[in-house]
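Read through the structure below, which is laid out as structure tokens, and then see the notes.
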Number of protein chains: 2
Amino acid sequence: MAETQGGESLLFLTDEQLRKGIEAMFFAYRGFTADPDRILEGKDYGRAHHRAIHFIHRSPGTTVSNLLLILGVTKQSLNRVLRTLIEDGLVRSEKGKVDARERHLHLTDKGQMLERELSDAQRARMRAAYRAAGPQAVAGFRQVLEAMMDPEMRKQYNRLKEGG
Amino acid sequence: MAETQGGESLLFLTDEQLRKGIEAMFFAYRGFTADPDRILEGKDYGRAHHRAIHFIHRSPGTTVSNLLLILGVTKQSLNRVLRTLIEDGLVRSEKGKVDARERHLHLTDKGQMLERELSDAQRARMRAAYRAAGPQAVAGFRQVLEAMMDPEMRKQYNRLKEGG
DNA sequence: CTTGGAAAGTCAACAAGGCTGACGTAAATT
DNA sequence: AATTTACGTCAGCCTTGTTGACTTTCCAAG
């Protein structure tokens with residue numbers, strides 16, 4: 001009853017196991033965001049700024065609409081964040097040359113510095129977790145996360161993963 | 001150079017691999033919350049209510065302070081959420097018998113119904129992801145998430161995991 | 001060339017859900 | 001009796017999300 005035709009146990013699909021996974025996601029996400037949040041508090045920026053900075057760093061020259069797709073927020077919400085980043089000289093917005101309606105976004109040197117500070121902190125935690133769990137666990141971690149995404153988001157994720 | 005003394009590859013600790021993990025967390029968490037969010041919108045409740053309901057269901061009779069520890073918010077913030085849940089008859093709050101300062105929280109039948117609806121949706125996605133990834137991947141997923149938590153939160157997580 | 005529509009930006013108003021600070025009450029502890 | 005703990009609440013603030021309405025700029029198709 002706990003074995004499939006292939007002899008593989010299905011005990012990992014019990015409600016109890018699923019609940020543990022759900023709670024693990026909840027607590028782990030808190031850790032995931034804790035370090036950048038700490039750095040940003042007192043700098044006048046928040047998690048929304050971090051996300052924008054991350055993905056602009058990741059895809060320099062990306063457009064506003066592309067960023068909207070990735071972040072899944074309204075343009076009004078993103079615009080508020082982008083405006084402060086541009087005003088503060090962390091992000092540069094360039095009119096597109098082929099299509100002048102588009103704005104191509106880049107981090108300035110100052111923006112790069114903040115990005116570095118934030119991602120160093122976030123990577124340090126991630127690296128410690130990866131090291132503690134080992135390569136095989138990491139592969140499983142990525143597989144499950146990928147399977148949890150909405151198909152739309154999985155597309156975005158894979159576009160970033162490959163065509164970086 | 002990519003091999004340790006033990007002959008184990010460390011390529012999984014490159015910045016590139018860590019970045020993929022970070023982005024996977026970001027996109028997956030969106031999926032993780034998407035279904036309950038959809039159910040709650042239009043019901044006058046939000047993610048904060050879901051979290052309270054989840055952990056009250058998980059630990060019936062838990063106190064307000066315990067819930068504060070788990071959720072990591074201020075009592076004012078929690079109270080706003082709890083008050084509406086109690087007013088709407090989803091949660092029952094009982095004066096403690098041994099220590100009458102404490103309030104012990106329980107879901108009412110109505111609360112149980114909403115909890116069921118929410119967790120069914122969240123578990124369905126989780127189950128699909130688990131099934132797609134397989135038991136070994138799931139074990140790795142849990143290991144990495146656990147290693148990502150703050151020690152304080154890991155304690156809470158383990159208390160829940162065992163003493164359920 | 002004109003016009004339709006896409007891309008971007010802006011204003012206003014609002015809501016959820018965090019936060020701090022201050023205060024009150026009841027009950028337990030010292 | 002004094003202090004501490006657990007809880008609740010009022011008031012006010014911030015970030016970050018939302019809608020809706022509107023403008024400007026620009027490409028492209030008619």
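Here, A, B, ... name the chains of the structure tokens in the order displayed, residue numbers run from 1 inside each chain, and ligands are numbered from 1 in the same displayed order.
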
Each residue of chain D with at least one atom at most 10 Å from chain B should appear once, together with its nearest atom pair and the corresponding distance in Å (one decimal); atoms considered: only C-alpha atoms (C1' of nucleotides); ordering: chain, then increasing residue number; output as CSV.
residue,atom,partner,partner_atom,distance
D:DT5,C1',B:Arg101,CA,8.2
D:DA6,C1',B:Arg101,CA,5.3
D:DC7,C1',B:Arg101,CA,7.1
D:DG8,C1',B:Asn79,CA,7.8
D:DT9,C1',B:Gln76,CA,8.3

Those same residues - C-alpha atoms (C1' of nucleotides) - I'd like them written as a short mmCIF file (atom, residue, chain, number, x, y, z; two decimals), in the first residue's frame.
data_model
loop_
_atom_site.label_atom_id
_atom_site.label_comp_id
_atom_site.auth_asym_id
_atom_site.auth_seq_id
_atom_site.Cartn_x
_atom_site.Cartn_y
_atom_site.Cartn_z
"C1'" DT D 5 3.94 38.88 32.31
"C1'" DA D 6 0.29 38.19 28.82
"C1'" DC D 7 -2.85 40.33 26.33
"C1'" DG D 8 -5.49 43.97 24.13
"C1'" DT D 9 -5.98 48.48 22.10
#

Same-sequence superposition of chain A onto chain B, all C-alpha, as a short mmCIF file (atom, residue, chain, number, x, y, z; two decimals) with C-alpha atoms, in the first residue's frame:
data_model
loop_
_atom_site.label_atom_id
_atom_site.label_comp_id
_atom_site.auth_asym_id
_atom_site.auth_seq_id
_atom_site.Cartn_x
_atom_site.Cartn_y
_atom_site.Cartn_z
CA MET A 1 40.73 22.69 -8.31
CA ALA A 2 37.13 21.73 -8.62
CA GLU A 3 37.74 18.72 -6.42
CA THR A 4 38.17 18.58 -2.67
CA GLN A 5 40.42 16.24 -0.83
CA GLY A 6 37.51 13.80 -0.75
CA GLY A 7 37.19 14.03 -4.51
CA GLU A 8 33.85 15.78 -4.21
CA SER A 9 33.13 18.51 -6.75
CA LEU A 10 32.56 21.96 -5.36
CA LEU A 11 31.06 23.33 -8.56
CA PHE A 12 27.69 23.49 -6.84
CA LEU A 13 29.06 26.28 -4.66
CA THR A 14 29.90 28.71 -7.46
CA ASP A 15 28.29 32.13 -7.44
CA GLU A 16 26.42 31.13 -10.56
CA GLN A 17 24.87 28.10 -8.90
CA LEU A 18 24.02 30.13 -5.82
CA ARG A 19 22.34 32.75 -7.96
CA LYS A 20 20.19 30.13 -9.62
CA GLY A 21 19.15 28.90 -6.22
CA ILE A 22 18.29 32.42 -5.13
CA GLU A 23 16.14 33.01 -8.18
CA ALA A 24 14.52 29.60 -7.81
CA MET A 25 13.52 30.53 -4.26
CA PHE A 26 12.04 33.80 -5.48
CA PHE A 27 9.94 32.32 -8.26
CA ALA A 28 8.96 29.22 -6.32
CA TYR A 29 7.73 31.21 -3.34
CA ARG A 30 5.42 33.06 -5.67
CA GLY A 31 3.90 29.76 -6.72
CA PHE A 32 3.82 28.58 -3.15
CA THR A 33 1.55 31.41 -2.06
CA ALA A 34 -0.41 31.86 -5.29
CA ASP A 35 -3.25 29.40 -4.69
CA PRO A 36 -4.15 30.45 -1.14
CA ASP A 37 -3.88 34.09 -2.17
CA ARG A 38 -6.35 33.49 -4.96
CA ILE A 39 -8.80 31.82 -2.59
CA LEU A 40 -8.49 34.58 -0.02
CA GLU A 41 -8.96 37.48 -2.37
CA GLY A 42 -12.58 38.49 -2.22
CA LYS A 43 -12.98 36.83 1.19
CA ASP A 44 -11.69 39.92 3.04
CA TYR A 45 -8.67 38.01 4.29
CA GLY A 46 -5.03 38.00 3.29
CA ARG A 47 -1.83 36.08 3.69
CA ALA A 48 -1.50 37.13 7.30
CA HIS A 49 -4.83 35.49 8.10
CA HIS A 50 -3.74 32.35 6.31
CA ARG A 51 -0.60 32.12 8.37
CA ALA A 52 -2.47 32.55 11.64
CA ILE A 53 -5.04 29.95 10.62
CA HIS A 54 -2.35 27.53 9.55
CA PHE A 55 -0.46 27.60 12.81
CA ILE A 56 -3.55 27.58 15.02
CA HIS A 57 -4.71 24.51 13.13
CA ARG A 58 -1.29 23.03 13.52
CA SER A 59 -1.10 23.60 17.28
CA PRO A 60 -4.62 23.86 18.64
CA GLY A 61 -4.74 25.65 21.97
CA THR A 62 -1.55 27.55 21.30
CA THR A 63 -1.18 30.90 23.03
CA VAL A 64 -0.90 34.32 21.48
CA SER A 65 2.72 34.72 22.57
CA ASN A 66 3.63 31.37 21.08
CA LEU A 67 2.06 32.42 17.82
CA LEU A 68 4.02 35.66 17.97
CA LEU A 69 7.25 33.69 18.27
CA ILE A 70 6.40 31.54 15.28
CA LEU A 71 5.11 34.29 13.03
CA GLY A 72 7.74 36.85 13.94
CA VAL A 73 5.46 39.87 13.87
CA THR A 74 4.43 42.37 16.50
CA LYS A 75 1.48 41.66 18.74
CA GLN A 76 -0.31 44.69 17.31
CA SER A 77 -0.02 43.26 13.86
CA LEU A 78 -1.11 39.79 14.91
CA ASN A 79 -3.88 41.19 17.06
CA ARG A 80 -5.50 42.97 14.15
CA VAL A 81 -5.63 39.71 12.24
CA LEU A 82 -6.79 37.61 15.19
CA ARG A 83 -9.50 40.09 16.08
CA THR A 84 -11.16 39.83 12.70
CA LEU A 85 -10.87 36.04 12.73
CA ILE A 86 -12.48 35.91 16.18
CA GLU A 87 -15.19 38.41 15.27
CA ASP A 88 -15.97 36.42 12.14
CA GLY A 89 -16.21 33.23 14.14
CA LEU A 90 -13.28 31.40 12.60
CA VAL A 91 -11.15 31.35 15.73
CA ARG A 92 -12.11 30.81 19.36
CA SER A 93 -10.02 32.43 22.09
CA GLU A 94 -10.18 30.87 25.55
CA LYS A 95 -8.85 32.24 28.77
CA GLY A 96 -6.20 29.86 30.13
CA LYS A 97 -7.21 27.68 33.10
CA VAL A 98 -3.79 27.30 34.64
CA ASP A 99 -2.69 30.81 33.67
CA ALA A 100 -5.67 33.02 33.01
CA ARG A 101 -3.58 35.72 31.33
CA GLU A 102 -2.99 33.48 28.41
CA ARG A 103 -5.42 33.06 25.56
CA HIS A 104 -5.64 29.64 23.99
CA LEU A 105 -6.57 29.68 20.35
CA HIS A 106 -8.66 27.14 18.46
CA LEU A 107 -10.27 27.02 15.06
CA THR A 108 -14.05 26.80 15.06
CA ASP A 109 -15.80 24.51 12.60
CA LYS A 110 -16.04 27.43 10.23
CA GLY A 111 -12.33 28.08 10.72
CA GLN A 112 -11.56 24.43 10.05
CA MET A 113 -13.44 24.66 6.79
CA LEU A 114 -11.42 27.60 5.53
CA GLU A 115 -8.21 26.02 6.73
CA ARG A 116 -9.10 22.91 4.78
CA GLU A 117 -9.80 24.84 1.63
CA LEU A 118 -6.53 26.74 1.85
CA SER A 119 -4.31 23.83 2.76
CA ASP A 120 -5.90 21.56 0.19
CA ALA A 121 -4.93 24.03 -2.49
CA GLN A 122 -1.43 24.53 -1.16
CA ARG A 123 -0.87 20.82 -0.68
CA ALA A 124 -2.08 20.05 -4.18
CA ARG A 125 0.66 22.17 -5.68
CA MET A 126 3.21 20.78 -3.27
CA ARG A 127 2.15 17.22 -4.01
CA ALA A 128 2.47 17.76 -7.75
CA ALA A 129 5.95 19.23 -7.26
CA TYR A 130 7.01 16.41 -4.97
CA ARG A 131 5.70 13.80 -7.35
CA ALA A 132 7.44 15.40 -10.31
CA ALA A 133 10.75 15.64 -8.49
CA GLY A 134 10.74 12.32 -6.65
CA PRO A 135 11.52 11.29 -3.07
CA GLN A 136 15.24 11.83 -3.21
CA ALA A 137 14.87 15.36 -4.53
CA VAL A 138 12.32 16.04 -1.79
CA ALA A 139 14.76 14.93 0.88
CA GLY A 140 17.36 17.32 -0.54
CA PHE A 141 14.81 20.10 -0.78
CA ARG A 142 14.02 19.78 2.91
CA GLN A 143 17.67 19.58 3.88
CA VAL A 144 18.61 22.77 2.08
CA LEU A 145 15.59 24.69 3.37
CA GLU A 146 16.35 23.63 6.90
CA ALA A 147 19.93 24.77 6.54
CA MET A 148 18.77 28.17 5.28
CA MET A 149 16.70 28.96 8.37
CA ASP A 150 17.83 31.18 11.17
CA PRO A 151 18.70 29.01 14.19
CA GLU A 152 15.75 30.50 16.10
CA MET A 153 13.36 29.60 13.33
CA ARG A 154 14.88 26.14 12.95
CA LYS A 155 14.03 25.53 16.58
CA GLN A 156 10.42 26.53 15.99
CA TYR A 157 10.31 24.42 12.89
CA ASN A 158 11.61 21.35 14.68
CA ARG A 159 9.30 21.82 17.62
CA LEU A 160 6.40 21.77 15.20
CA LYS A 161 7.84 18.89 13.20
CA GLU A 162 8.15 16.58 16.17
CA GLY A 163 5.86 17.64 18.94
CA GLY A 164 2.85 18.15 16.69
#

>> For the strand (DSSP E or B) assignment from backbone DSSP, which residues of region 66-116 of chain B qualify? Please present them as a VMD selection string.
In response: chain B and resid 91 to 95 103 to 107

>> Give me, as an MDAnalysis selection string, the residues of chain C touching chain A, with the criterion being at most 8 Å (counting only C-alpha atoms (C1' of nucleotides)).
In response: chainID C and resid 7:9

> Any idea what the distance is between C1' of DG4 (chain C) and C1' of DT19 (chain D)?
Replying inline: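 C1' of DT19 (chain D) lies 24.6 Å from C1' of DG4 (chain C).
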
>> Report, in Å to a single decimal, how far apart C1' of DG17 (chain C) and C1' of DA11 (chain D) are.
In response: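 If I compute the distance from C1' of DA11 (chain D) to C1' of DG17 (chain C), I get 16.2 Å.
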
> Do you have the C1' of DT2 (chain C)-C1' of DG20 (chain D) distance handy?
Replying inline: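 Computed distance, C1' of DT2 (chain C) to C1' of DG20 (chain D), equals 29.0 Å.
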